[in-house]
>>> print(open('final_6.txt').read())   # compact mmCIF, C-alpha atoms and all ligand atoms
# COMPACT_ATOMS: atom_id res chain seq x y z
CA MET R 970 92.02 71.84 96.75
CA ARG R 971 93.35 74.41 99.22
CA GLU R 972 90.73 76.53 101.04
CA ILE R 973 90.62 80.15 99.81
CA ASN R 974 91.45 82.75 102.45
CA ASN R 975 93.97 85.06 100.82
CA ILE R 976 93.39 86.57 97.41
CA VAL R 977 95.52 88.70 95.09
CA ILE R 978 93.82 90.32 92.11
CA LEU R 979 95.79 91.96 89.28
CA THR R 980 93.96 94.29 86.92
CA GLY R 981 95.02 95.93 83.67
CA ALA R 982 93.70 98.37 81.11
CA GLY R 983 91.01 95.88 79.95
CA ILE R 984 88.97 96.33 83.14
CA SER R 985 88.52 100.02 82.33
CA ALA R 986 87.77 99.49 78.62
CA GLU R 987 83.99 99.27 79.19
CA SER R 988 84.18 102.60 81.05
CA GLY R 989 85.50 104.16 77.84
CA VAL R 990 89.22 104.33 78.74
CA ALA R 991 91.40 103.18 75.83
CA THR R 992 93.61 100.15 76.46
CA PHE R 993 97.37 100.31 76.12
CA ARG R 994 98.03 98.81 72.73
CA GLY R 995 95.03 99.26 70.47
CA PRO R 996 94.62 97.23 67.28
CA ASP R 997 97.09 99.64 65.63
CA GLY R 998 99.74 98.88 68.28
CA LEU R 999 99.55 102.47 69.53
CA TRP R 1000 98.45 104.06 72.85
CA GLU R 1001 95.94 106.79 71.95
CA GLY R 1002 97.78 107.30 68.65
CA HIS R 1003 101.30 107.36 70.12
CA ARG R 1004 104.14 104.85 70.05
CA VAL R 1005 104.82 103.60 73.59
CA GLU R 1006 108.51 104.61 73.22
CA ASP R 1007 107.40 108.22 72.59
CA VAL R 1008 105.28 108.69 75.72
CA ALA R 1009 106.09 106.01 78.30
CA THR R 1010 109.85 106.05 78.82
CA PRO R 1011 112.21 108.38 80.75
CA GLU R 1012 114.11 108.88 77.46
CA ALA R 1013 110.95 110.17 75.76
CA PHE R 1014 110.43 112.64 78.64
CA ALA R 1015 114.05 113.87 78.40
CA ARG R 1016 113.74 114.26 74.60
CA ASP R 1017 110.32 115.95 74.43
CA PRO R 1018 108.93 116.81 77.89
CA ASP R 1019 106.16 118.96 76.42
CA LEU R 1020 104.71 116.10 74.34
CA VAL R 1021 104.84 113.69 77.30
CA GLN R 1022 103.30 116.19 79.76
CA LYS R 1023 100.49 116.96 77.31
CA PHE R 1024 99.84 113.25 76.70
CA TYR R 1025 99.28 112.56 80.43
CA ASP R 1026 97.44 115.88 80.91
CA GLU R 1027 94.93 114.67 78.30
CA ARG R 1028 94.58 111.25 79.96
CA ARG R 1029 94.05 113.00 83.36
CA GLU R 1030 91.49 115.41 81.90
CA LYS R 1031 89.50 112.51 80.39
CA LEU R 1032 89.05 110.90 83.82
CA ALA R 1033 86.38 113.51 84.57
CA GLY R 1034 84.19 112.03 81.82
CA VAL R 1035 84.38 108.33 82.78
CA ALA R 1036 82.96 106.29 85.67
CA PRO R 1037 83.62 102.90 87.28
CA ASN R 1038 81.85 99.99 85.58
CA ALA R 1039 80.28 96.79 86.93
CA ALA R 1040 83.68 95.07 87.20
CA HIS R 1041 85.22 97.86 89.34
CA ARG R 1042 82.11 97.88 91.53
CA ALA R 1043 82.12 94.11 91.98
CA LEU R 1044 85.78 94.15 93.13
CA ALA R 1045 84.96 96.95 95.60
CA LYS R 1046 82.11 94.82 96.96
CA LEU R 1047 84.47 91.86 97.33
CA ASP R 1048 86.94 94.11 99.18
CA ARG R 1049 84.17 95.20 101.58
CA LEU R 1050 82.82 91.71 102.27
CA TRP R 1051 85.86 89.41 102.09
CA SER R 1052 87.09 88.66 105.59
CA GLY R 1053 90.35 87.03 104.51
CA GLU R 1054 93.37 88.87 103.15
CA LEU R 1055 92.84 90.61 99.85
CA LEU R 1056 95.13 92.79 97.76
CA LEU R 1057 94.00 94.46 94.54
CA VAL R 1058 97.05 95.33 92.46
CA THR R 1059 96.26 97.55 89.51
CA GLN R 1060 98.52 98.42 86.61
CA ASN R 1061 96.04 101.12 85.74
CA VAL R 1062 96.84 104.76 86.20
CA ASP R 1063 93.17 105.77 86.16
CA ASP R 1064 91.30 106.13 89.47
CA LEU R 1065 88.27 103.93 88.71
CA HIS R 1066 89.02 101.31 91.39
CA ASP R 1067 89.44 104.12 93.96
CA ARG R 1068 86.17 105.75 92.92
CA ALA R 1069 84.35 102.39 93.02
CA GLY R 1070 85.43 102.12 96.69
CA SER R 1071 88.27 99.55 96.71
CA GLU R 1072 90.51 100.20 99.71
CA ARG R 1073 92.94 97.27 99.82
CA LEU R 1074 94.42 98.64 96.59
CA VAL R 1075 97.87 99.51 95.25
CA HIS R 1076 98.68 101.29 91.99
CA MET R 1077 101.89 99.61 90.90
CA HIS R 1078 102.39 101.85 87.84
CA GLY R 1079 101.50 105.16 89.50
CA GLU R 1080 98.47 107.41 89.13
CA LEU R 1081 97.35 110.12 86.71
CA ARG R 1082 96.00 112.19 89.60
CA SER R 1083 99.42 112.39 91.22
CA ALA R 1084 102.57 114.36 90.36
CA TRP R 1085 106.15 113.68 91.38
CA CYS R 1086 108.63 116.50 92.01
CA SER R 1087 112.22 115.88 90.96
CA ARG R 1088 113.33 118.91 93.08
CA CYS R 1089 112.07 117.67 96.48
CA GLY R 1090 111.32 114.02 95.63
CA GLU R 1091 107.76 114.27 97.03
CA ARG R 1092 104.53 113.07 95.43
CA SER R 1093 101.34 115.14 95.64
CA LYS R 1094 97.73 114.73 94.60
CA PHE R 1095 97.44 116.66 91.34
CA GLU R 1096 94.61 117.97 89.12
CA GLY R 1097 95.16 120.27 86.16
CA LYS R 1098 97.93 120.49 83.60
CA LEU R 1099 101.58 119.71 84.14
CA ALA R 1100 102.37 121.21 80.70
CA PHE R 1101 101.69 124.64 82.28
CA ASP R 1102 104.69 123.93 84.53
CA PRO R 1103 103.02 124.68 87.87
CA ALA R 1104 104.97 125.00 91.14
CA CYS R 1105 105.30 121.88 93.28
CA PRO R 1106 102.65 122.04 96.06
CA ARG R 1107 105.27 120.70 98.52
CA CYS R 1108 108.43 122.74 97.84
CA ASP R 1109 107.04 125.61 95.71
CA GLU R 1110 109.78 125.11 93.08
CA PHE R 1111 108.98 125.37 89.37
CA GLY R 1112 110.23 122.99 86.67
CA GLY R 1113 110.37 119.79 88.69
CA LEU R 1114 106.96 118.15 88.37
CA ARG R 1115 106.47 115.09 86.16
CA PRO R 1116 103.57 112.62 85.90
CA ASP R 1117 103.70 110.11 88.77
CA ILE R 1118 103.67 107.25 86.28
CA VAL R 1119 106.08 104.31 86.25
CA TRP R 1120 107.58 104.33 82.76
CA PHE R 1121 109.32 101.44 80.99
CA GLY R 1122 112.72 100.95 82.60
CA GLU R 1123 111.55 102.30 86.00
CA MET R 1124 110.82 100.29 89.15
CA PRO R 1125 107.11 99.66 89.87
CA TYR R 1126 105.73 100.76 93.25
CA HIS R 1127 104.82 98.53 96.23
CA MET R 1128 106.79 95.49 95.00
CA ASP R 1129 107.66 94.29 98.54
CA LYS R 1130 104.01 94.31 99.57
CA ILE R 1131 102.91 92.64 96.31
CA GLU R 1132 105.53 89.89 96.49
CA ALA R 1133 104.66 89.13 100.12
CA ALA R 1134 100.95 88.89 99.21
CA LEU R 1135 101.70 86.64 96.20
CA ALA R 1136 103.66 84.26 98.41
CA ARG R 1137 100.72 84.00 100.85
CA CYS R 1138 97.75 83.91 98.50
CA ASP R 1139 95.52 80.90 97.86
CA LEU R 1140 93.99 82.42 94.75
CA PHE R 1141 95.52 84.72 92.14
CA VAL R 1142 93.19 86.36 89.64
CA SER R 1143 94.25 88.41 86.61
CA ILE R 1144 91.67 90.62 84.87
CA GLY R 1145 91.96 92.59 81.62
CA THR R 1146 95.68 92.49 81.12
CA SER R 1147 97.61 91.36 78.04
CA GLY R 1148 100.41 89.80 80.09
CA ALA R 1149 103.00 91.67 78.05
CA VAL R 1150 104.34 94.06 80.71
CA TYR R 1151 106.76 92.74 83.37
CA PRO R 1152 107.03 92.29 86.31
CA ALA R 1153 103.18 92.10 86.49
CA ALA R 1154 103.11 89.47 83.74
CA GLY R 1155 105.22 87.20 85.98
CA PHE R 1156 102.89 87.32 89.02
CA VAL R 1157 100.92 84.27 87.85
CA ARG R 1158 104.06 82.14 87.95
CA THR R 1159 105.11 83.47 91.36
CA ALA R 1160 101.67 82.78 92.86
CA GLY R 1161 101.53 79.34 91.21
CA HIS R 1162 104.99 78.51 92.51
CA TYR R 1163 103.72 79.09 96.07
CA GLY R 1164 100.70 76.84 95.46
CA ALA R 1165 97.93 79.33 94.64
CA ARG R 1166 95.16 78.54 92.19
CA THR R 1167 95.27 80.92 89.24
CA LEU R 1168 92.42 82.33 87.17
CA GLU R 1169 92.41 84.83 84.32
CA MET R 1170 89.50 86.81 82.90
CA ASN R 1171 90.24 88.55 79.62
CA LEU R 1172 88.65 89.32 76.29
CA ASP R 1173 91.14 87.02 74.57
CA PRO R 1174 93.94 84.74 75.82
CA SER R 1175 96.78 86.79 77.30
CA GLU R 1176 100.44 86.12 76.51
CA GLY R 1177 100.70 84.12 79.74
CA SER R 1178 97.45 82.17 79.37
CA ILE R 1179 99.16 78.78 79.59
CA TYR R 1180 100.31 79.54 83.16
CA PHE R 1181 96.75 79.84 84.52
CA ASN R 1182 94.76 76.91 85.95
CA GLU R 1183 91.61 78.44 84.47
CA SER R 1184 90.88 81.05 81.79
CA GLN R 1185 87.52 82.74 81.28
CA MET R 1186 87.20 84.70 78.03
CA GLY R 1187 84.75 87.59 77.81
CA LYS R 1188 84.04 91.11 79.01
CA ALA R 1189 85.20 92.05 82.50
CA GLY R 1190 81.90 93.86 83.12
CA GLU R 1191 80.08 90.53 82.81
CA LEU R 1192 82.62 87.98 84.07
CA VAL R 1193 83.83 89.78 87.21
CA PRO R 1194 80.43 90.41 88.90
CA ALA R 1195 79.43 86.75 88.30
CA TRP R 1196 82.75 85.50 89.71
CA VAL R 1197 82.49 87.76 92.79
CA GLU R 1198 78.92 86.64 93.55
CA GLY R 1199 79.98 82.99 93.25
CA LEU R 1200 82.98 83.49 95.51
CA LEU R 1201 80.97 85.30 98.19
CA LYS R 1202 78.52 82.37 98.31
CA THR R 1203 81.25 79.77 99.03
P1 LIG J 1 96.93 96.12 77.57
O1 LIG J 1 96.25 97.20 76.80
O2 LIG J 1 98.27 95.66 77.10
O3 LIG J 1 95.95 94.85 77.58
C1 LIG J 1 94.58 94.98 77.87
C2 LIG J 1 93.95 93.59 77.79
O4 LIG J 1 92.59 93.73 78.16
C3 LIG J 1 93.99 92.96 76.40
O5 LIG J 1 94.47 91.62 76.50
C4 LIG J 1 92.51 92.98 75.95
O6 LIG J 1 92.15 91.84 75.20
C5 LIG J 1 91.79 92.98 77.29
N1 LIG J 1 90.47 93.61 77.25
C6 LIG J 1 90.03 94.64 76.46
N2 LIG J 1 88.76 94.95 76.75
C7 LIG J 1 88.37 94.09 77.74
C8 LIG J 1 87.17 93.91 78.46
N3 LIG J 1 86.07 94.66 78.22
N4 LIG J 1 87.13 92.95 79.41
C9 LIG J 1 88.20 92.16 79.66
N5 LIG J 1 89.38 92.29 79.00
C10 LIG J 1 89.46 93.25 78.06
O7 LIG J 1 96.96 96.57 79.07
P2 LIG J 1 97.87 96.12 80.33
O8 LIG J 1 98.16 94.67 80.25
O9 LIG J 1 97.19 96.71 81.52
O10 LIG J 1 99.26 96.87 80.15
C11 LIG J 1 99.24 98.18 79.84
C12 LIG J 1 100.02 99.22 80.60
O11 LIG J 1 99.43 100.46 80.16
C13 LIG J 1 99.89 99.24 82.09
O12 LIG J 1 101.16 99.40 82.55
C14 LIG J 1 99.08 100.52 82.44
O13 LIG J 1 99.77 101.29 83.40
C15 LIG J 1 99.01 101.33 81.19
N6 LIG J 1 97.66 101.80 80.82
C16 LIG J 1 96.71 102.07 81.77
C17 LIG J 1 95.42 102.47 81.41
C18 LIG J 1 94.42 102.78 82.48
O14 LIG J 1 94.81 103.24 83.55
N7 LIG J 1 93.12 102.52 82.27
C19 LIG J 1 95.08 102.59 80.06
C20 LIG J 1 96.06 102.31 79.10
C21 LIG J 1 97.34 101.93 79.50
>>> encode(input="final_6.txt", output="structure tokens", more="lines below")
Ligand code: NAD
Amino acid sequence: MREINNIVILTGAGISAESGVATFRGPDGLWEGHRVEDVATPEAFARDPDLVQKFYDERREKLAGVAPNAAHRALAKLDRLWSGELLLVTQNVDDLHDRAGSERLVHMHGELRSAWCSRCGERSKFEGKLAFDPACPRCDEFGGLRPDIVWFGEMPYHMDKIEAALARCDLFVSIGTSGAVYPAAGFVRTAGHYGARTLEMNLDPSEGSIYFNESQMGKAGELVPAWVEGLLKT
């Protein structure tokens, strides 16, 4: 088996579930009571900007009441102590990996605490409510800010960096993601194609489970700290 130096870790909504952040598709197939098509597409924003702004304003506001859990903290510890290459790719728009202390981190689907101005094209750190239509902190124009979230049909961020890391990694680990959203759902096959070992940790088998060398089923808050401790001992 190839020695492990370079690691890519993909996380999804499941890693934040034990912190109290709702996952994407609950048992009812809805995201916090909304159909995905009504809140997570550019068409939805064009049709009803007020509803979409309020939806993400509520998600942003709720971040103040949640905290990183044992899984976020374990990945931050791994980031601190792992001397090889490591890239943590999160699909999450919450900031729990950042607050836990992960630094080698990219948010491929954007961030709730960021806003994107369609007038000047710039992104800015943002707290508060976009539904109040504040001025852009960069260009001072009103009416241009939208959530800095990658919606269905839009291009995820950092793809060049992610693809380069996938081609170099010896181990690819997927945590708390249903494997239903592309291109992230395809990363396991890309990493496997380049010879990496692949491991998933999820509450139940994801849609791409068959592509992983190993699947561990259970809660991220229990599985991830145990896996990190084991890896740091090797
Ligand atoms: P998803 O909701 O489709 O899947 C979550 C997966 O996590 C499920 O397979 C579920 O079984 C598993 N899971 C639930 N609780 C778990 C736990 N305690 N431990 C381990 N696994 C657990 O989420 P996804 O695959 O990330 O795709 C959703 C999209 O929704 C992403 O694009 C993301 O941007 C967005 N989203 C983000 C957040 C967030 O930032 N926390 C929340 C909801 C949605």
>>> atom_distance(input="final_6.txt", atom1="CA of Leu979 (chain R)", atom2="atom C10 of ligand LIG 1 (chain J)")
12.9 Å
>>> closest_residue(input="final_6.txt", among="R:Glu1198, R:Glu1080, R:Asp1063, R:Asp1102", to="Ala986 (chain R)", atoms="all atoms listed in the file")
R:Asp1063
>>> residues_near_ligand(input="final_6.txt", ligand="ligand LIG 1 (chain J)", cutoff="7 Å", atoms="all atoms listed in the file", output="PyMOL selection string")
chain R and resi 980-987+990-995+1000+1060-1063+1078+1144-1150+1170-1175+1187-1190
>>> closest_residue(input="final_6.txt", among="R:Leu999, R:Val1197, R:Met1128, R:Leu1044", to="Val1075 (chain R)", atoms="only C-alpha atoms")
R:Met1128
>>> closest_residue(input="final_6.txt", among="R:Tyr1126, R:Phe1101, R:Trp1051, R:Phe1181", to="Pro1018 (chain R)", atoms="all atoms listed in the file")
R:Phe1101
